[in-house]
Structures are given as structure tokens and as C-alpha cells.
$ cat final-v6.cif   # mmCIF, C-alpha atoms
data_work
loop_
_atom_site.group_PDB
_atom_site.id
_atom_site.type_symbol
_atom_site.label_atom_id
_atom_site.label_comp_id
_atom_site.auth_asym_id
_atom_site.auth_seq_id
_atom_site.Cartn_x
_atom_site.Cartn_y
_atom_site.Cartn_z
ATOM 1 C CA MET A 373 1.284 -52.103 -52.200
ATOM 2 C CA VAL A 374 4.344 -50.017 -52.999
ATOM 3 C CA LYS A 375 6.172 -51.694 -55.831
ATOM 4 C CA LYS A 376 9.844 -51.260 -56.455
ATOM 5 C CA ASN A 377 10.737 -47.937 -58.121
ATOM 6 C CA ASN A 378 7.436 -46.259 -57.222
ATOM 7 C CA MET A 379 6.834 -43.623 -54.574
ATOM 8 C CA PRO A 380 3.400 -42.985 -53.042
ATOM 9 C CA ILE A 381 1.985 -39.741 -54.422
ATOM 10 C CA ASN A 382 1.054 -38.365 -51.025
ATOM 11 C CA TYR A 383 4.731 -38.032 -50.036
ATOM 12 C CA TYR A 384 5.104 -35.589 -52.894
ATOM 13 C CA ILE A 385 1.876 -33.819 -51.897
ATOM 14 C CA PHE A 386 3.097 -33.321 -48.332
ATOM 15 C CA LEU A 387 6.549 -32.176 -49.457
ATOM 16 C CA SER A 388 4.975 -29.590 -51.761
ATOM 17 C CA ILE A 389 2.617 -28.389 -49.026
ATOM 18 C CA ALA A 390 5.584 -27.979 -46.684
ATOM 19 C CA LEU A 391 7.573 -25.953 -49.227
ATOM 20 C CA PHE A 392 4.513 -23.831 -50.074
ATOM 21 C CA SER A 393 3.893 -23.111 -46.385
ATOM 22 C CA ILE A 394 7.525 -22.113 -45.919
ATOM 23 C CA GLY A 395 7.013 -19.619 -48.743
ATOM 24 C CA ILE A 396 3.826 -18.280 -47.106
ATOM 25 C CA VAL A 397 5.585 -17.860 -43.743
ATOM 26 C CA GLY A 398 8.432 -16.059 -45.480
ATOM 27 C CA VAL A 399 6.066 -13.629 -47.207
ATOM 28 C CA LEU A 400 4.268 -12.925 -43.926
ATOM 29 C CA THR A 401 7.309 -12.511 -41.678
ATOM 30 C CA ARG A 402 9.876 -10.619 -43.749
ATOM 31 C CA ARG A 403 9.934 -6.926 -44.620
ATOM 32 C CA ASN A 404 12.593 -6.959 -47.305
ATOM 33 C CA ALA A 405 10.853 -6.790 -50.700
ATOM 34 C CA ILE A 406 13.522 -8.935 -52.378
ATOM 35 C CA ILE A 407 13.145 -11.748 -49.825
ATOM 36 C CA ILE A 408 9.355 -11.635 -50.263
ATOM 37 C CA PHE A 409 9.877 -11.988 -54.000
ATOM 38 C CA MET A 410 12.176 -14.985 -53.453
ATOM 39 C CA CYS A 411 9.526 -16.633 -51.260
ATOM 40 C CA ILE A 412 7.057 -16.284 -54.151
ATOM 41 C CA GLU A 413 9.583 -18.101 -56.349
ATOM 42 C CA LEU A 414 9.774 -20.875 -53.746
ATOM 43 C CA MET A 415 5.969 -21.248 -53.811
ATOM 44 C CA LEU A 416 6.010 -21.473 -57.611
ATOM 45 C CA ASN A 417 8.608 -24.215 -57.384
ATOM 46 C CA ALA A 418 6.560 -26.180 -54.859
ATOM 47 C CA VAL A 419 3.664 -26.168 -57.334
ATOM 48 C CA ASN A 420 6.006 -27.210 -60.157
ATOM 49 C CA LEU A 421 7.240 -30.193 -58.163
ATOM 50 C CA LEU A 422 3.669 -31.309 -57.480
ATOM 51 C CA LEU A 423 2.732 -30.948 -61.166
ATOM 52 C CA VAL A 424 5.654 -33.161 -62.201
ATOM 53 C CA ALA A 425 4.732 -35.771 -59.581
ATOM 54 C CA PHE A 426 1.103 -35.784 -60.768
ATOM 55 C CA SER A 427 2.208 -36.111 -64.383
ATOM 56 C CA LYS A 428 4.228 -39.209 -63.486
ATOM 57 C CA MET A 429 1.249 -40.584 -61.551
ATOM 58 C CA HIS A 430 -0.961 -40.057 -64.597
ATOM 59 C CA HIS A 431 1.638 -41.713 -66.794
ATOM 60 C CA LEU A 432 1.775 -44.777 -64.580
ATOM 61 C CA ARG A 433 -2.001 -45.193 -64.832
ATOM 62 C CA LEU A 434 -2.477 -44.543 -68.546
ATOM 63 C CA ALA A 435 0.802 -45.605 -70.148
ATOM 64 C CA GLU A 436 -0.771 -48.655 -71.852
ATOM 65 C CA THR A 437 -3.380 -46.670 -73.783
ATOM 66 C CA ASN A 438 -1.490 -43.414 -74.393
ATOM 67 C CA ALA A 439 2.287 -43.351 -74.650
ATOM 68 C CA VAL A 440 2.552 -39.629 -73.894
ATOM 69 C CA ALA A 441 -0.011 -39.498 -71.079
ATOM 70 C CA GLY A 442 1.141 -36.925 -68.548
ATOM 71 C CA ALA A 443 3.462 -34.973 -70.842
ATOM 72 C CA ASP A 444 1.012 -32.051 -70.628
ATOM 73 C CA GLY A 445 1.790 -31.623 -66.938
ATOM 74 C CA GLN A 446 5.502 -31.248 -67.599
ATOM 75 C CA LEU A 447 4.792 -28.745 -70.374
ATOM 76 C CA PHE A 448 2.709 -26.703 -67.929
ATOM 77 C CA VAL A 449 5.739 -26.646 -65.633
ATOM 78 C CA PHE A 450 7.808 -25.380 -68.545
ATOM 79 C CA PHE A 451 5.302 -22.581 -69.185
ATOM 80 C CA ILE A 452 5.235 -21.694 -65.474
ATOM 81 C CA MET A 453 9.020 -21.315 -65.598
ATOM 82 C CA VAL A 454 8.721 -19.057 -68.663
ATOM 83 C CA VAL A 455 6.151 -16.840 -66.944
ATOM 84 C CA ALA A 456 8.247 -16.789 -63.737
ATOM 85 C CA ALA A 457 11.296 -15.565 -65.646
ATOM 86 C CA ALA A 458 9.288 -12.726 -67.228
ATOM 87 C CA GLU A 459 7.754 -11.890 -63.846
ATOM 88 C CA VAL A 460 11.155 -11.723 -62.153
ATOM 89 C CA SER A 461 12.558 -9.309 -64.710
ATOM 90 C CA VAL A 462 9.639 -6.879 -64.344
ATOM 91 C CA GLY A 463 9.437 -7.312 -60.551
ATOM 92 C CA LEU A 464 13.117 -6.641 -59.994
ATOM 93 C CA ALA A 465 12.873 -3.552 -62.205
ATOM 94 C CA ILE A 466 10.019 -2.325 -59.994
ATOM 95 C CA ILE A 467 12.081 -3.019 -56.835
ATOM 96 C CA VAL A 468 15.081 -1.140 -58.277
ATOM 97 C CA MET A 469 12.826 1.812 -59.113
ATOM 98 C CA MET A 470 11.367 1.736 -55.586
ATOM 99 C CA TYR A 471 14.877 1.702 -54.107
ATOM 100 C CA ARG A 472 15.808 4.663 -56.264
ATOM 101 C CA ASN A 473 12.800 6.652 -55.042
ATOM 102 C CA ILE A 474 12.654 5.876 -51.311
ATOM 103 C CA HIS A 475 16.206 4.494 -50.746
ATOM 104 C CA SER A 476 14.914 1.359 -49.057
ATOM 105 C CA VAL A 477 13.406 -2.008 -49.952
ATOM 106 C CA ASP A 478 11.289 -2.097 -46.792
ATOM 107 C CA VAL A 479 7.681 -2.858 -47.744
ATOM 108 C CA ASN A 480 6.414 -1.011 -44.640
ATOM 109 C CA PHE A 481 7.357 2.304 -46.276
ATOM 110 C CA LEU A 482 4.981 1.522 -49.117
ATOM 111 C CA ASN A 483 1.820 2.466 -47.233
ATOM 112 C CA ARG A 484 0.986 5.652 -49.093
ATOM 113 C CA LEU A 485 -2.187 4.148 -50.544
ATOM 114 C CA LYS A 486 -3.516 4.055 -46.962
ATOM 115 C CA HIS A 487 -3.607 7.835 -46.598
ATOM 116 C CA MET B 224 14.556 -49.065 -47.727
ATOM 117 C CA ASN B 225 16.044 -48.997 -51.200
ATOM 118 C CA ILE B 226 18.182 -46.371 -52.865
ATOM 119 C CA THR B 227 15.188 -44.515 -54.346
ATOM 120 C CA GLN B 228 13.624 -43.935 -50.962
ATOM 121 C CA ILE B 229 16.934 -42.900 -49.409
ATOM 122 C CA LEU B 230 17.431 -40.339 -52.194
ATOM 123 C CA PHE B 231 13.836 -39.123 -51.841
ATOM 124 C CA TRP B 232 14.180 -38.504 -48.100
ATOM 125 C CA PHE B 233 17.609 -36.933 -48.460
ATOM 126 C CA LEU B 234 16.417 -34.482 -51.132
ATOM 127 C CA SER B 235 13.217 -33.687 -49.218
ATOM 128 C CA VAL B 236 15.076 -32.917 -45.988
ATOM 129 C CA MET B 237 17.577 -30.841 -47.942
ATOM 130 C CA ALA B 238 14.797 -28.840 -49.663
ATOM 131 C CA ILE B 239 12.842 -28.152 -46.472
ATOM 132 C CA PHE B 240 15.929 -27.361 -44.372
ATOM 133 C CA SER B 241 17.343 -24.924 -46.908
ATOM 134 C CA GLY B 242 13.901 -23.347 -47.355
ATOM 135 C CA LEU B 243 13.716 -22.754 -43.609
ATOM 136 C CA MET B 244 17.249 -21.360 -43.594
ATOM 137 C CA MET B 245 16.272 -19.025 -46.439
ATOM 138 C CA ILE B 246 13.426 -17.404 -44.517
ATOM 139 C CA THR B 247 15.346 -17.228 -41.232
ATOM 140 C CA SER B 248 18.798 -15.996 -42.241
ATOM 141 C CA LYS B 249 19.368 -12.299 -41.583
ATOM 142 C CA ASN B 250 21.713 -11.575 -44.468
ATOM 143 C CA PRO B 251 19.901 -11.333 -47.860
ATOM 144 C CA VAL B 252 22.892 -12.804 -49.714
ATOM 145 C CA HIS B 253 22.723 -15.916 -47.524
ATOM 146 C CA SER B 254 19.007 -16.136 -48.270
ATOM 147 C CA VAL B 255 19.727 -16.198 -52.001
ATOM 148 C CA LEU B 256 22.368 -18.906 -51.566
ATOM 149 C CA TRP B 257 20.011 -21.082 -49.483
ATOM 150 C CA LEU B 258 17.288 -20.649 -52.112
ATOM 151 C CA ILE B 259 19.753 -21.907 -54.736
ATOM 152 C CA VAL B 260 20.315 -25.010 -52.563
ATOM 153 C CA THR B 261 16.524 -25.505 -52.477
ATOM 154 C CA PHE B 262 16.347 -25.278 -56.260
ATOM 155 C CA PHE B 263 19.098 -27.857 -56.612
ATOM 156 C CA ALA B 264 17.191 -30.200 -54.281
ATOM 157 C CA ILE B 265 14.033 -29.744 -56.376
ATOM 158 C CA SER B 266 16.074 -30.450 -59.515
ATOM 159 C CA GLY B 267 17.267 -33.638 -57.828
ATOM 160 C CA HIS B 268 13.619 -34.583 -57.330
ATOM 161 C CA TYR B 269 12.986 -33.999 -61.031
ATOM 162 C CA ILE B 270 15.885 -36.274 -61.950
ATOM 163 C CA LEU B 271 14.525 -38.905 -59.553
ATOM 164 C CA LEU B 272 11.164 -38.648 -61.344
ATOM 165 C CA ASN B 273 13.002 -38.976 -64.688
ATOM 166 C CA ALA B 274 11.956 -35.482 -65.797
ATOM 167 C CA GLN B 275 15.400 -34.754 -67.185
ATOM 168 C CA PHE B 276 14.447 -31.789 -69.367
ATOM 169 C CA LEU B 277 12.801 -29.960 -66.468
ATOM 170 C CA ALA B 278 15.718 -30.724 -64.162
ATOM 171 C CA ILE B 279 18.184 -29.107 -66.555
ATOM 172 C CA VAL B 280 15.864 -26.173 -67.313
ATOM 173 C CA ASN B 281 15.313 -25.661 -63.581
ATOM 174 C CA ILE B 282 19.047 -25.439 -62.944
ATOM 175 C CA ILE B 283 19.758 -23.221 -65.970
ATOM 176 C CA VAL B 284 16.803 -20.851 -65.634
ATOM 177 C CA TYR B 285 16.255 -20.675 -61.875
ATOM 178 C CA ALA B 286 19.620 -21.339 -60.248
ATOM 179 C CA GLY B 287 21.535 -19.884 -63.182
ATOM 180 C CA ALA B 288 19.653 -16.865 -64.459
ATOM 181 C CA ILE B 289 17.012 -15.770 -61.968
ATOM 182 C CA MET B 290 19.075 -16.152 -58.805
ATOM 183 C CA VAL B 291 22.052 -14.381 -60.377
ATOM 184 C CA LEU B 292 19.664 -11.519 -61.169
ATOM 185 C CA PHE B 293 18.585 -11.465 -57.503
ATOM 186 C CA LEU B 294 22.208 -11.498 -56.344
ATOM 187 C CA PHE B 295 23.048 -8.640 -58.700
ATOM 188 C CA VAL B 296 20.184 -6.516 -57.403
ATOM 189 C CA ILE B 297 21.088 -7.234 -53.765
ATOM 190 C CA MET B 298 24.738 -6.351 -54.320
ATOM 191 C CA LEU B 299 23.780 -3.245 -56.329
ATOM 192 C CA MET B 300 21.711 -1.990 -53.390
ATOM 193 C CA ASN B 301 24.426 -2.906 -50.891
ATOM 194 C CA LEU B 302 22.010 -4.655 -48.538
ATOM 195 C CA ASN B 303 23.535 -6.420 -45.583
ATOM 196 C CA LYS B 304 22.731 -7.521 -42.075
ATOM 197 C CA GLU B 305 22.789 -4.042 -40.513
ATOM 198 C CA THR B 306 20.396 -2.418 -42.980
ATOM 199 C CA GLU B 307 18.003 -5.386 -43.035
ATOM 200 C CA PRO B 308 14.545 -4.256 -41.833
ATOM 201 C CA GLN B 309 12.998 -6.457 -39.141
ATOM 202 C CA LYS B 310 9.380 -6.920 -38.186
ATOM 203 C CA ASN B 311 8.560 -6.939 -34.503
ATOM 204 C CA ARG B 312 8.364 -10.211 -32.638
ATOM 205 C CA TRP B 313 4.568 -10.487 -32.444
ATOM 206 C CA LEU B 314 4.064 -9.963 -36.156
ATOM 207 C CA LYS B 315 6.670 -12.628 -36.899
ATOM 208 C CA MET B 316 4.975 -15.047 -34.531
ATOM 209 C CA ALA B 317 1.569 -14.314 -36.078
ATOM 210 C CA GLY B 318 2.966 -14.971 -39.545
ATOM 211 C CA ALA B 319 4.507 -18.263 -38.475
ATOM 212 C CA VAL B 320 1.249 -19.359 -36.801
ATOM 213 C CA ALA B 321 -0.745 -18.465 -39.923
ATOM 214 C CA GLY B 322 1.583 -20.461 -42.170
ATOM 215 C CA GLY B 323 1.576 -23.363 -39.714
ATOM 216 C CA CYS B 324 -2.235 -23.356 -39.678
ATOM 217 C CA LEU B 325 -2.282 -23.561 -43.481
ATOM 218 C CA LEU B 326 0.145 -26.507 -43.350
ATOM 219 C CA LEU B 327 -1.922 -28.243 -40.676
ATOM 220 C CA VAL B 328 -5.236 -27.805 -42.485
ATOM 221 C CA MET B 329 -3.897 -28.983 -45.841
ATOM 222 C CA VAL B 330 -2.173 -32.040 -44.345
ATOM 223 C CA ALA B 331 -5.262 -32.930 -42.285
ATOM 224 C CA ALA B 332 -7.523 -32.559 -45.329
ATOM 225 C CA LEU B 333 -5.351 -34.687 -47.622
ATOM 226 C CA LYS B 334 -4.200 -37.285 -45.082
ATOM 227 C CA ASP B 335 -7.090 -39.691 -45.625
ATOM 228 C CA SER B 336 -8.025 -38.848 -49.212
ATOM 229 C CA ASP B 337 -8.505 -41.518 -51.886
ATOM 230 C CA ILE B 338 -5.405 -40.427 -53.762
ATOM 231 C CA LYS B 339 -3.308 -42.253 -51.157
ATOM 232 C CA GLN B 340 -3.399 -45.451 -53.204
ATOM 233 C CA GLN B 341 -1.891 -43.745 -56.250
ATOM 234 C CA GLN B 342 1.807 -43.885 -56.943
ATOM 235 C CA ALA B 343 4.239 -41.825 -58.959
ATOM 236 C CA LEU B 344 6.461 -43.639 -61.416
ATOM 237 C CA VAL B 345 10.042 -43.063 -60.316
ATOM 238 C CA LYS B 346 13.220 -43.560 -62.350
ATOM 239 C CA GLU B 347 11.266 -44.903 -65.367
ATOM 240 C CA GLY B 348 8.985 -43.640 -68.117
ATOM 241 C CA ASN B 349 10.076 -41.528 -71.056
ATOM 242 C CA ILE B 350 7.634 -38.596 -70.927
ATOM 243 C CA GLY B 351 10.224 -36.366 -69.256
ATOM 244 C CA LEU B 352 12.763 -36.738 -72.049
ATOM 245 C CA ILE B 353 13.464 -33.880 -74.445
ATOM 246 C CA GLN B 354 12.245 -35.891 -77.466
ATOM 247 C CA THR B 355 8.748 -36.496 -76.096
ATOM 248 C CA LEU B 356 8.328 -33.021 -74.638
ATOM 249 C CA GLY B 357 9.661 -31.327 -77.769
ATOM 250 C CA LYS B 358 7.286 -33.205 -80.067
ATOM 251 C CA GLU B 359 4.361 -32.363 -77.797
ATOM 252 C CA LEU B 360 5.435 -28.722 -77.410
ATOM 253 C CA PHE B 361 5.793 -28.046 -81.134
ATOM 254 C CA SER B 362 2.627 -29.867 -82.185
ATOM 255 C CA THR B 363 -0.136 -29.491 -79.589
ATOM 256 C CA TYR B 364 1.208 -26.497 -77.674
ATOM 257 C CA VAL B 365 2.753 -24.466 -80.461
ATOM 258 C CA VAL B 366 0.316 -21.530 -80.100
ATOM 259 C CA PRO B 367 0.953 -21.052 -76.338
ATOM 260 C CA PHE B 368 4.667 -21.329 -77.090
ATOM 261 C CA GLU B 369 4.504 -18.453 -79.589
ATOM 262 C CA ILE B 370 2.322 -16.411 -77.231
ATOM 263 C CA SER B 371 4.884 -16.878 -74.462
ATOM 264 C CA SER B 372 7.554 -15.431 -76.757
ATOM 265 C CA ILE B 373 5.377 -12.306 -77.121
ATOM 266 C CA LEU B 374 5.033 -12.262 -73.320
ATOM 267 C CA PHE B 375 8.824 -12.328 -73.042
ATOM 268 C CA LEU B 376 9.173 -9.467 -75.481
ATOM 269 C CA SER B 377 6.664 -7.350 -73.563
ATOM 270 C CA ALA B 378 8.354 -8.200 -70.246
ATOM 271 C CA MET B 379 11.713 -7.151 -71.698
ATOM 272 C CA VAL B 380 10.319 -3.841 -72.942
ATOM 273 C CA GLY B 381 8.507 -3.319 -69.646
ATOM 274 C CA ALA B 382 11.636 -3.939 -67.577
ATOM 275 C CA VAL B 383 13.633 -1.474 -69.663
ATOM 276 C CA VAL B 384 10.900 1.184 -69.488
ATOM 277 C CA ILE B 385 10.466 0.784 -65.730
ATOM 278 C CA GLY B 386 14.173 0.703 -64.997
ATOM 279 C CA LYS B 387 15.022 3.684 -67.198
ATOM 280 C CA LYS B 388 16.102 6.887 -65.466
ATOM 281 C CA GLU B 389 13.728 9.797 -65.995
#
$ encode --input "final-v6.cif" --output "C-alpha cells"
Amino acid sequence: MVKKNNMPINYYIFLSIALFSIGIVGVLTRRNAIIIFMCIELMLNAVNLLLVAFSKMHHLRLAETNAVAGADGQLFVFFIMVVAAAEVSVGLAIIVMMYRNIHSVDVNFLNRLKH
Amino acid sequence: MNITQILFWFLSVMAIFSGLMMITSKNPVHSVLWLIVTFFAISGHYILLNAQFLAIVNIIVYAGAIMVLFLFVIMLMNLNKETEPQKNRWLKMAGAVAGGCLLLVMVAALKDSDIKQQQALVKEGNIGLIQTLGKELFSTYVVPFEISSILFLSAMVGAVVIGKKE
């Protein structure tokens, strides 16, 4: 049964799925390249939240044998944030370059590979 | 319903509502501001899970640095509601149905899984503190840490090279 101070893990799973799906819908329905990029950030954050929740779940199960059980999950979140920051700097530079060349951030103008 | 559950539901509703507002608002600046609200809600979840280091890093790095970068780029390009490109109605509906199908399938697959009995430790446990994470980061994960600094350097050089005028 749910003890005091504990949350069932599947609440966190469903919350993360909802946030991830919102990001997917945003990527599929918007044409502005910057908004699409922001939706990717939202999906990364949904995964981060789930990793932290799983690390706390792991810690609750294994805390007696290993005092730092689950710390790996939070370090993975830290590394995901590092990679996301690097990705944003390069991605925004690419969007700025695209705006300079075609004077728009509409991804529908980027169909030259089709022809 | 104790205070933990009330906070959990409040933060969850706030995160999902502001995420929906982000993908539906017409003005890109409003989208950025709603995404910042989402990040603050996720940081609140981290604090509730006693992952204090990640909560602070999330606010500083995401809400502080990355979103300010987005705002700068949007204001530099002078994007607003009139110049915002719109997809036609059927494509939007198809996108929403596709995302909704993903949500439905994932929820239906995980609804009755065995993991339902597991619980996450909330408001307790010291693995999220800076002391524990720092010791782990600089002993077990010191090589990935150094490699990520090289990744940062290459990203910095790449951004400058891409953004440079010919």
C-alpha cells in the first residue's frame, strides 16, 4: 500500500508520457523552426523527470545495501542537460543562418532536398 | 490526501497545462514564456523528489540560459503573430491524432504492468544532494565529465563557425 511520503511510480510514468506526447504533437503541428526546437527541449525534460523518478524508486528498494543506489540516474540527467545545452547553441546557430539565407524560419521552405 | 499529493497534482496540472499552452499559442514569445513555466513545474517535481541539485541546475541552465537564448533569437528575428507560419487545419488535426495515439498506446501498455507496485521515495533520501552527486561524479563518472567538456568546446567552436558571416 502507499505509505506516507511515497508516490506510486506509475503517476510519474503517465505524467512523463503526457509531456512527451505534448512535445510530439508540437513538433508535428507547428511550422516555426524555433517552436519545433522548443518542443524537442520539452521531450528531453519529460525523459529527465522520468529518470529522476526511477532513480528515487531504485533508491527506495536498495538503500539498505547501497547508500548511493540510484545516484547514477541523476547523473545521467545532468549529462543530458549538458548535451542539451550544447545542442541548443549549435541548433540556434543553424536557425539563425537559415533565417539569414531564406528570411524565414518556416520549415516548409526547407524542401530543397526533395527536388 | 496529504500535502505531498496535493503538491504533486498541482505541479503536474501546471506542467501539462503550460505545455499545452506552449504548443497552441500563436505568438512565439508567449510560447517561450509558457515553456519556462513548464520548466519551473518540472523543477518543483525535482524538489518534491528531493533532487535539489537537479532542481537548481534545471532552473539555472534551462529557464535561465537556454530560454533566454531562445528569446534573444526570437526577438532578433522580429517574429510575431502576423509573420507566424501556420499549417493547414487537416495537417494540424493529423498531428494531434498521431500524438494522441502515441499517448493512448503507451498508457494502455503500461497501465497493467508489474511496475505498478513500485513507489518513488518522495521528500526523503540523500542521493539528490550535491555532496553525494559530486562524489559520484568526480570518482566514477570523471571520464564522461571530461569528455563532455570537450563536447562543449566543440559545440562552442561549431556555433561560432556556423553563425559567422561569410
$ interface_residues --input "final-v6.cif" --of "chain B" --to "chain A" --cutoff "7 Å" --atoms "all atoms listed in the file" --output "PDB file with C-alpha atoms, in the coordinates of the input"
ATOM      1  CA  THR B 227      15.188 -44.515 -54.346  1.00  0.00           C
ATOM      2  CA  SER B 235      13.217 -33.687 -49.218  1.00  0.00           C
ATOM      3  CA  ILE B 239      12.842 -28.152 -46.472  1.00  0.00           C
ATOM      4  CA  GLY B 242      13.901 -23.347 -47.355  1.00  0.00           C
ATOM      5  CA  LEU B 243      13.716 -22.754 -43.609  1.00  0.00           C
ATOM      6  CA  ILE B 246      13.426 -17.404 -44.517  1.00  0.00           C
ATOM      7  CA  ILE B 289      17.012 -15.770 -61.968  1.00  0.00           C
ATOM      8  CA  PRO B 308      14.545  -4.256 -41.833  1.00  0.00           C
ATOM      9  CA  GLN B 309      12.998  -6.457 -39.141  1.00  0.00           C
ATOM     10  CA  LYS B 310       9.380  -6.920 -38.186  1.00  0.00           C
ATOM     11  CA  LEU B 314       4.064  -9.963 -36.156  1.00  0.00           C
ATOM     12  CA  LYS B 315       6.670 -12.628 -36.899  1.00  0.00           C
ATOM     13  CA  GLY B 318       2.966 -14.971 -39.545  1.00  0.00           C
ATOM     14  CA  ALA B 319       4.507 -18.263 -38.475  1.00  0.00           C
ATOM     15  CA  GLY B 322       1.583 -20.461 -42.170  1.00  0.00           C
ATOM     16  CA  LEU B 325      -2.282 -23.561 -43.481  1.00  0.00           C
ATOM     17  CA  LEU B 326       0.145 -26.507 -43.350  1.00  0.00           C
ATOM     18  CA  VAL B 330      -2.173 -32.040 -44.345  1.00  0.00           C
ATOM     19  CA  LYS B 339      -3.308 -42.253 -51.157  1.00  0.00           C
ATOM     20  CA  GLN B 341      -1.891 -43.745 -56.250  1.00  0.00           C
ATOM     21  CA  GLN B 342       1.807 -43.885 -56.943  1.00  0.00           C
ATOM     22  CA  ALA B 343       4.239 -41.825 -58.959  1.00  0.00           C
ATOM     23  CA  LEU B 344       6.461 -43.639 -61.416  1.00  0.00           C
ATOM     24  CA  VAL B 345      10.042 -43.063 -60.316  1.00  0.00           C
ATOM     25  CA  LYS B 346      13.220 -43.560 -62.350  1.00  0.00           C
ATOM     26  CA  ILE B 350       7.634 -38.596 -70.927  1.00  0.00           C
ATOM     27  CA  LEU B 356       8.328 -33.021 -74.638  1.00  0.00           C
ATOM     28  CA  PHE B 375       8.824 -12.328 -73.042  1.00  0.00           C
ATOM     29  CA  ALA B 378       8.354  -8.200 -70.246  1.00  0.00           C
ATOM     30  CA  GLY B 381       8.507  -3.319 -69.646  1.00  0.00           C
ATOM     31  CA  ALA B 382      11.636  -3.939 -67.577  1.00  0.00           C
ATOM     32  CA  ILE B 385      10.466   0.784 -65.730  1.00  0.00           C
ATOM     33  CA  GLY B 386      14.173   0.703 -64.997  1.00  0.00           C
TER      34      GLY B 386
END
$ resolve_selection --input "final-v6.cif" --expression "the PyMOL selection byres ((chain B and resi 265) around 10)" --output "JSON, numbers by chain"
{"A": [417, 418, 420, 421], "B": [234, 235, 237, 238, 259, 260, 261, 262, 263, 264, 266, 267, 268, 269, 270, 271, 278, 281, 282]}
$ atom_distance --input "final-v6.cif" --atom1 "atom CA of B:Lys387" --atom2 "atom CA of B:Leu294"
20.0 Å
$ atom_distance --input "final-v6.cif" --atom1 "atom CA of B:Asn250" --atom2 "atom CA of B:Ala317"
22.0 Å
$ resolve_selection --input "final-v6.cif" --expression "the PyMOL selection byres ((chain B and resi 295) around 12)" --output "JSON, numbers by chain"
{"A": [406, 464, 465, 468], "B": [251, 252, 255, 288, 289, 290, 291, 292, 293, 294, 296, 297, 298, 299, 300, 301, 302]}
$ atom_distance --input "final-v6.cif" --atom1 "atom CA of B:Pro367" --atom2 "atom CA of B:Ile279"
21.4 Å
$ decode --input "final-v6.cif" --residues "stretch 267-280 of chain B" --atoms "N, CA and C atoms" --output "short mmCIF file (atom, residue, chain, number, x, y, z; two decimals), in the first residue's frame"
data_model
loop_
_atom_site.label_atom_id
_atom_site.label_comp_id
_atom_site.auth_asym_id
_atom_site.auth_seq_id
_atom_site.Cartn_x
_atom_site.Cartn_y
_atom_site.Cartn_z
N GLY B 267 9.92 22.00 -9.70
CA GLY B 267 9.16 21.73 -8.49
C GLY B 267 9.04 20.24 -8.22
N HIS B 268 8.85 19.46 -9.29
CA HIS B 268 8.83 18.00 -9.14
C HIS B 268 10.16 17.48 -8.62
N TYR B 269 11.26 18.05 -9.12
CA TYR B 269 12.57 17.60 -8.64
C TYR B 269 12.73 17.90 -7.16
N ILE B 270 12.27 19.08 -6.73
CA ILE B 270 12.39 19.42 -5.31
C ILE B 270 11.53 18.46 -4.49
N LEU B 271 10.35 18.12 -5.01
CA LEU B 271 9.47 17.19 -4.30
C LEU B 271 10.13 15.82 -4.17
N LEU B 272 10.92 15.43 -5.20
CA LEU B 272 11.64 14.16 -5.14
C LEU B 272 12.96 14.28 -4.40
N ASN B 273 13.23 15.42 -3.82
CA ASN B 273 14.47 15.71 -3.08
C ASN B 273 15.70 15.59 -3.96
N ALA B 274 15.57 15.95 -5.25
CA ALA B 274 16.73 16.05 -6.13
C ALA B 274 17.09 17.52 -6.24
N GLN B 275 17.69 18.04 -5.16
CA GLN B 275 17.85 19.50 -5.07
C GLN B 275 18.84 20.03 -6.09
N PHE B 276 19.94 19.27 -6.30
CA PHE B 276 20.95 19.72 -7.27
C PHE B 276 20.34 19.88 -8.65
N LEU B 277 19.56 18.86 -9.08
CA LEU B 277 18.98 18.91 -10.42
C LEU B 277 17.94 20.01 -10.52
N ALA B 278 17.21 20.27 -9.43
CA ALA B 278 16.22 21.35 -9.47
C ALA B 278 16.90 22.68 -9.74
N ILE B 279 18.00 22.94 -9.02
CA ILE B 279 18.69 24.22 -9.20
C ILE B 279 19.33 24.29 -10.58
N VAL B 280 19.96 23.17 -11.02
CA VAL B 280 20.59 23.17 -12.34
C VAL B 280 19.54 23.36 -13.42
#
